[in-house]
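Student: This is entry27.cif, which holds mmCIF, C-alpha atoms:
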data_final
loop_
_atom_site.label_atom_id
_atom_site.label_comp_id
_atom_site.auth_asym_id
_atom_site.auth_seq_id
_atom_site.Cartn_x
_atom_site.Cartn_y
_atom_site.Cartn_z
CA MET A 1 -6.83 -4.27 5.76
CA LYS A 2 -5.06 -3.70 9.02
CA SER A 3 -2.39 -6.12 10.03
CA ASN A 4 1.20 -5.75 11.22
CA GLY A 5 1.19 -1.96 10.72
CA LYS A 6 -0.05 -2.30 7.14
CA ASN A 7 -2.87 0.15 6.52
CA TRP A 8 -4.62 1.48 3.45
CA TYR A 9 -4.39 5.22 2.87
CA VAL A 10 -6.17 7.45 0.37
CA VAL A 11 -3.73 9.45 -1.74
CA HIS A 12 -4.85 12.46 -3.78
CA THR A 13 -3.62 12.69 -7.38
CA TYR A 14 -4.19 15.02 -10.29
CA SER A 15 -7.60 14.13 -11.70
CA GLY A 16 -7.25 11.94 -14.77
CA TYR A 17 -3.68 10.94 -13.83
CA GLU A 18 -4.54 8.14 -11.40
CA GLU A 19 -3.05 5.37 -13.57
CA ARG A 20 0.07 7.41 -14.30
CA ALA A 21 0.54 8.22 -10.60
CA LYS A 22 0.13 4.50 -9.79
CA ALA A 23 2.75 3.54 -12.39
CA ASN A 24 5.13 6.26 -11.18
CA LEU A 25 4.72 5.16 -7.56
CA GLU A 26 5.25 1.47 -8.39
CA HIS A 27 8.42 2.41 -10.29
CA ARG A 28 9.70 4.47 -7.33
CA ILE A 29 8.92 1.63 -4.89
CA GLU A 30 11.06 -0.70 -7.01
CA THR A 31 13.96 1.69 -7.64
CA MET A 32 14.09 2.99 -4.05
CA ASP A 33 13.74 -0.53 -2.62
CA VAL A 34 10.85 0.22 -0.25
CA GLY A 35 8.73 -2.81 -1.11
CA ASP A 36 8.94 -3.80 2.54
CA LYS A 37 7.14 -0.55 3.54
CA ILE A 38 4.78 0.11 0.60
CA PHE A 39 2.89 -3.02 -0.39
CA GLN A 40 0.11 -2.26 -2.88
CA VAL A 41 -1.14 0.60 -5.03
CA LEU A 42 -4.69 0.51 -6.40
CA VAL A 43 -6.84 2.64 -8.67
CA PRO A 44 -10.31 1.45 -7.60
CA THR A 45 -12.46 0.82 -10.67
CA GLU A 46 -15.72 -0.97 -11.40
CA ASP A 47 -17.50 -2.12 -14.52
CA GLU A 48 -20.69 -0.27 -15.25
CA VAL A 49 -23.42 -1.06 -17.77
CA GLU A 50 -25.12 2.01 -19.15
CA ILE A 51 -28.33 1.68 -21.12
CA ARG A 52 -28.85 4.36 -23.74
CA SER A 53 -31.40 4.18 -26.53
CA GLY A 54 -32.01 0.54 -25.64
CA GLN A 55 -28.34 -0.39 -26.13
CA ARG A 56 -26.19 -1.83 -23.33
CA ARG A 57 -22.67 -0.46 -23.13
CA THR A 58 -20.14 -1.70 -20.57
CA THR A 59 -17.46 0.71 -19.40
CA THR A 60 -14.88 0.69 -16.64
CA ARG A 61 -15.12 3.72 -14.43
CA LYS A 62 -12.97 5.01 -11.59
CA MET A 63 -14.77 4.74 -8.27
CA PHE A 64 -12.89 7.74 -6.80
CA PRO A 65 -11.60 10.06 -9.56
CA GLY A 66 -8.51 11.91 -8.38
CA TYR A 67 -7.59 9.32 -5.73
CA ILE A 68 -5.60 6.10 -5.43
CA LEU A 69 -5.28 3.69 -2.52
CA VAL A 70 -1.88 2.79 -1.10
CA GLN A 71 -1.24 0.00 1.41
CA MET A 72 1.83 0.86 3.46
CA GLU A 73 3.43 1.16 6.84
CA LEU A 74 3.27 4.91 7.27
CA GLY A 75 6.60 6.44 8.22
CA GLU A 76 8.82 9.31 7.10
CA ASP A 77 10.63 7.17 4.52
CA SER A 78 7.51 5.55 3.01
CA TRP A 79 5.52 8.80 3.02
CA GLY A 80 8.49 10.60 1.44
CA VAL A 81 8.46 8.14 -1.46
CA VAL A 82 4.71 8.57 -1.98
CA ARG A 83 4.68 12.36 -1.46
CA ASN A 84 7.45 13.00 -4.00
CA THR A 85 5.91 10.80 -6.71
CA PRO A 86 4.97 12.71 -9.88
CA GLY A 87 1.18 13.05 -10.06
CA VAL A 88 0.64 12.75 -6.29
CA THR A 89 -0.65 15.92 -4.61
CA GLY A 90 -1.15 14.74 -1.03
CA LEU A 91 -2.48 12.28 1.50
CA VAL A 92 -6.03 12.46 2.82
CA ALA A 93 -5.63 13.57 6.42
CA SER A 94 -7.45 15.33 9.22
CA GLY A 95 -5.68 17.95 11.31
CA GLY A 96 -2.39 17.06 9.65
CA GLN A 97 -2.74 13.42 10.72
CA ALA A 98 -3.06 10.71 8.05
CA ILE A 99 -6.17 8.62 8.53
CA PRO A 100 -6.04 4.97 7.47
CA LEU A 101 -9.15 3.41 5.95
CA GLU A 102 -11.17 1.14 8.21
CA GLU A 103 -11.02 -2.58 7.39
CA GLN A 104 -14.71 -2.74 6.45
CA GLU A 105 -14.25 0.25 4.08
CA VAL A 106 -11.43 -1.57 2.28
CA GLU A 107 -13.50 -4.77 2.10
CA HIS A 108 -16.43 -2.83 0.63
CA ILE A 109 -14.21 -1.25 -2.05
CA MET A 110 -12.60 -4.61 -2.89
CA ASN A 111 -16.03 -6.28 -3.13
CA ARG A 112 -17.23 -3.60 -5.53
CA MET A 113 -14.06 -3.97 -7.63
CA ASN A 114 -14.42 -7.77 -7.77
CA ALA A 115 -18.19 -7.87 -8.31
CA PRO A 116 -19.18 -10.79 -10.56
CA SER A 117 -21.56 -8.65 -12.62
CA PRO A 118 -21.25 -5.01 -13.64
CA ARG A 119 -23.23 -2.27 -11.94
CA VAL A 120 -26.15 -1.03 -14.04
CA LYS A 121 -26.53 2.69 -14.58
CA ALA A 122 -29.92 3.98 -15.68
CA SER A 123 -30.21 7.21 -17.63
CA PHE A 124 -33.62 7.97 -16.11
CA SER A 125 -35.12 8.40 -12.66
CA LYS A 126 -38.47 8.46 -10.87
CA GLY A 127 -41.02 10.66 -12.59
CA ASP A 128 -39.35 10.58 -16.03
CA ASN A 129 -41.48 9.66 -19.03
CA VAL A 130 -40.05 6.76 -21.02
CA ARG A 131 -41.01 4.78 -24.11
CA ILE A 132 -41.18 0.98 -23.96
CA ILE A 133 -39.07 -0.26 -26.88
CA ASP A 134 -39.34 -4.04 -26.56
CA GLY A 135 -41.88 -6.71 -25.71
CA PRO A 136 -45.69 -6.80 -25.90
CA PHE A 137 -45.99 -3.20 -24.66
CA ALA A 138 -43.59 -1.71 -27.24
CA ASP A 139 -44.37 1.93 -28.13
CA PHE A 140 -46.37 2.52 -24.93
CA ILE A 141 -45.36 5.55 -22.87
CA GLY A 142 -45.00 5.23 -19.12
CA SER A 143 -43.88 7.19 -16.11
CA VAL A 144 -41.00 5.77 -14.06
CA ASP A 145 -42.26 4.81 -10.60
CA GLU A 146 -39.18 2.98 -9.30
CA VAL A 147 -35.71 1.99 -10.57
CA ASN A 148 -34.08 -1.13 -9.10
CA ILE A 149 -30.46 -1.00 -10.25
CA GLU A 150 -29.45 -4.21 -8.42
CA LYS A 151 -32.06 -6.26 -10.30
CA GLY A 152 -31.78 -4.29 -13.54
CA LYS A 153 -35.53 -3.55 -13.45
CA VAL A 154 -37.75 -0.51 -13.72
CA ARG A 155 -41.37 -0.19 -12.60
CA LEU A 156 -43.51 2.02 -14.82
CA MET A 157 -47.02 3.35 -14.49
CA VAL A 158 -48.69 2.89 -17.88
CA SER A 159 -52.20 4.03 -18.78
CA PHE A 160 -54.42 1.16 -20.02
CA PHE A 161 -58.09 1.77 -20.70
CA GLY A 162 -58.08 4.96 -18.68
CA ARG A 163 -56.36 3.64 -15.54
CA GLU A 164 -52.76 3.55 -14.38
CA THR A 165 -51.27 0.05 -14.33
CA PRO A 166 -47.82 -0.83 -12.95
CA LEU A 167 -45.42 -2.78 -15.21
CA GLU A 168 -42.03 -4.15 -14.22
CA LEU A 169 -39.59 -4.30 -17.12
CA ASP A 170 -35.90 -4.86 -17.77
CA LEU A 171 -33.95 -1.58 -17.92
CA SER A 172 -32.97 -2.34 -21.50
CA HIS A 173 -36.64 -2.40 -22.58
CA VAL A 174 -37.19 1.32 -22.04
CA GLN A 175 -35.63 4.53 -23.28
CA VAL A 176 -35.91 8.16 -22.25
CA MET A 177 -38.11 10.24 -24.50
#
Write out the structure in this file as structure tokens.
Tutor:
Amino acid sequence: MKSNGKNWYVVHTYSGYEERAKANLEHRIETMDVGDKIFQVLVPTEDEVEIRSGQRRTTTRKMFPGYILVQMELGEDSWGVVRNTPGVTGLVASGGQAIPLEEQEVEHIMNRMNAPSPRVKASFSKGDNVRIIDGPFADFIGSVDEVNIEKGKVRLMVSFFGRETPLELDLSHVQVM
């Protein structure tokens, strides 16, 4: 968030080395005594619930693989510390000019990171055929009409007595065939 020259910048790292680059940078900030120029280093992550075969599995996933966020006052000394950190490959820039993140972009990322409930990931999409595995309609086959990730619901079109009928079910009550 912008204040007193502090801005958030997106720093490119080797993919899969985000945590290591963060640790290396934090160590360099401490040993080079630039804590007054580089304030925070983040690897944006979020919890995600994936439903496979009717089982819920919660995992933590990186929101931007290959990138970390650094809050700093951009200058030759602070950028030199970041640039020469093992695992860092560059700063996201346009025309050679570093572009700080907008305040609302940072707020959006922070809100996703601090969400009270994990994001739900469905392994199916509109048009897929799925089997209902729980409840009064268990073993019925339906076609996915709509997936509502925020509510954790799926609307299916199921054939009853020769006509298509919509059913709204919890994501965990269906599985891909």
Student: Taking the file as I've supplied it (selection: the PyMOL selection byres ((chain A and resi 40) around 7)), which residues are included? Please answer as a list of chain:residue names.
Tutor: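 Output from the PyMOL selection byres ((chain A and resi 40) around 7), applied to this file: A:Ile38, A:Phe39, A:Val41, A:Leu42, A:Val70, A:Gln71.
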Student: Would you pick out the contacts of Ser143 in chain A at 8 Å or less, using all atoms listed in the file, so that residues sharing its chain but fewer than 4 positions from it are not included, and give the list as a PyMOL selection string?
Tutor: chain A and resi 126-130+156-158
Student: Go through the shown structure with the PyMOL selection byres ((chain A and resi 47) around 8) and write out the matching residues as a list in words.
Tutor: Thr45, Glu46, Glu48, Val49, Thr58, Thr59, Thr60, Arg61, Met113, Ser117, Pro118 and Arg119 of chain A
Student: In the coordinate frame of the file, compute which residues have an atom within 12 Å of (-7.7, -2.1, -5.6) when using all atoms listed in the file, and state them as a PyMOL selection string.
Tutor: chain A and resi 1+8-10+19+22+39-46+62-64+67-71+105-114
Student: What does the file look like for those residues with C-alpha atoms, as a short mmCIF file (atom, residue, chain, number, x, y, z; two decimals), in the coordinates of the input?
Tutor:
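Dumped everything to selection28.cif:
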data_model
loop_
_atom_site.label_atom_id
_atom_site.label_comp_id
_atom_site.auth_asym_id
_atom_site.auth_seq_id
_atom_site.Cartn_x
_atom_site.Cartn_y
_atom_site.Cartn_z
CA MET A 1 -6.83 -4.27 5.76
CA TRP A 8 -4.62 1.48 3.45
CA TYR A 9 -4.39 5.22 2.87
CA VAL A 10 -6.17 7.45 0.37
CA GLU A 19 -3.05 5.37 -13.57
CA LYS A 22 0.13 4.50 -9.79
CA PHE A 39 2.89 -3.02 -0.39
CA GLN A 40 0.11 -2.26 -2.88
CA VAL A 41 -1.14 0.60 -5.03
CA LEU A 42 -4.69 0.51 -6.40
CA VAL A 43 -6.84 2.64 -8.67
CA PRO A 44 -10.31 1.45 -7.60
CA THR A 45 -12.46 0.82 -10.67
CA GLU A 46 -15.72 -0.97 -11.40
CA LYS A 62 -12.97 5.01 -11.59
CA MET A 63 -14.77 4.74 -8.27
CA PHE A 64 -12.89 7.74 -6.80
CA TYR A 67 -7.59 9.32 -5.73
CA ILE A 68 -5.60 6.10 -5.43
CA LEU A 69 -5.28 3.69 -2.52
CA VAL A 70 -1.88 2.79 -1.10
CA GLN A 71 -1.24 0.00 1.41
CA GLU A 105 -14.25 0.25 4.08
CA VAL A 106 -11.43 -1.57 2.28
CA GLU A 107 -13.50 -4.77 2.10
CA HIS A 108 -16.43 -2.83 0.63
CA ILE A 109 -14.21 -1.25 -2.05
CA MET A 110 -12.60 -4.61 -2.89
CA ASN A 111 -16.03 -6.28 -3.13
CA ARG A 112 -17.23 -3.60 -5.53
CA MET A 113 -14.06 -3.97 -7.63
CA ASN A 114 -14.42 -7.77 -7.77
#
Student: If you apply the PyMOL selection byres ((chain A and resi 82) around 12) to this file, what residues do you get, as a ChimeraX atom specification?
Tutor: /A:9-13,21-29,32,34,37-41,68-81,83-91
Student: Counting all atoms listed in the file, which residue out of A:Ser123, A:His173, A:Arg163, A:Arg57 sits closest to Pro136 in chain A?
Tutor: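 When distances to Pro136 in chain A are compared using all atoms listed in the file, the smallest one comes from A:His173.
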Student: Can you tell me how far CA of Gly66 in chain A sits from CA of Val92 in chain A, in Å to one decimal?
Tutor: 11.5 Å
Student: Please indicate the distance in Å from CA of Ile149 in chain A to CA of Leu171 in chain A, rounded to one decimal place.
Tutor: 8.4 Å
Student: Find the residues around Asn148 in chain A up to 12 Å (only C-alpha atoms counted), leave out those fewer than 3 positions away in its own chain, and share them as a list in words.
Tutor: Arg119, Val120, Lys121, Ala122, Phe124, Ser125, Lys126, Val144, Asp145, Lys151, Gly152, Lys153, Val154, Arg155, Leu156, Glu168, Leu169, Asp170 and Leu171 of chain A
Student: What is the CA of Tyr14 in chain A-CA of Pro100 in chain A distance in Å, reported with one decimal?
Tutor: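 If I compute the distance from CA of Tyr14 in chain A to CA of Pro100 in chain A, I get 20.5 Å.
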Student: Which is closest to Phe160 in chain A among A:Ile141, A:Val147, A:Pro65, A:Ser172, if we use only C-alpha atoms?
Tutor: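 Closest to Phe160 in chain A of all the choices is A:Ile141.
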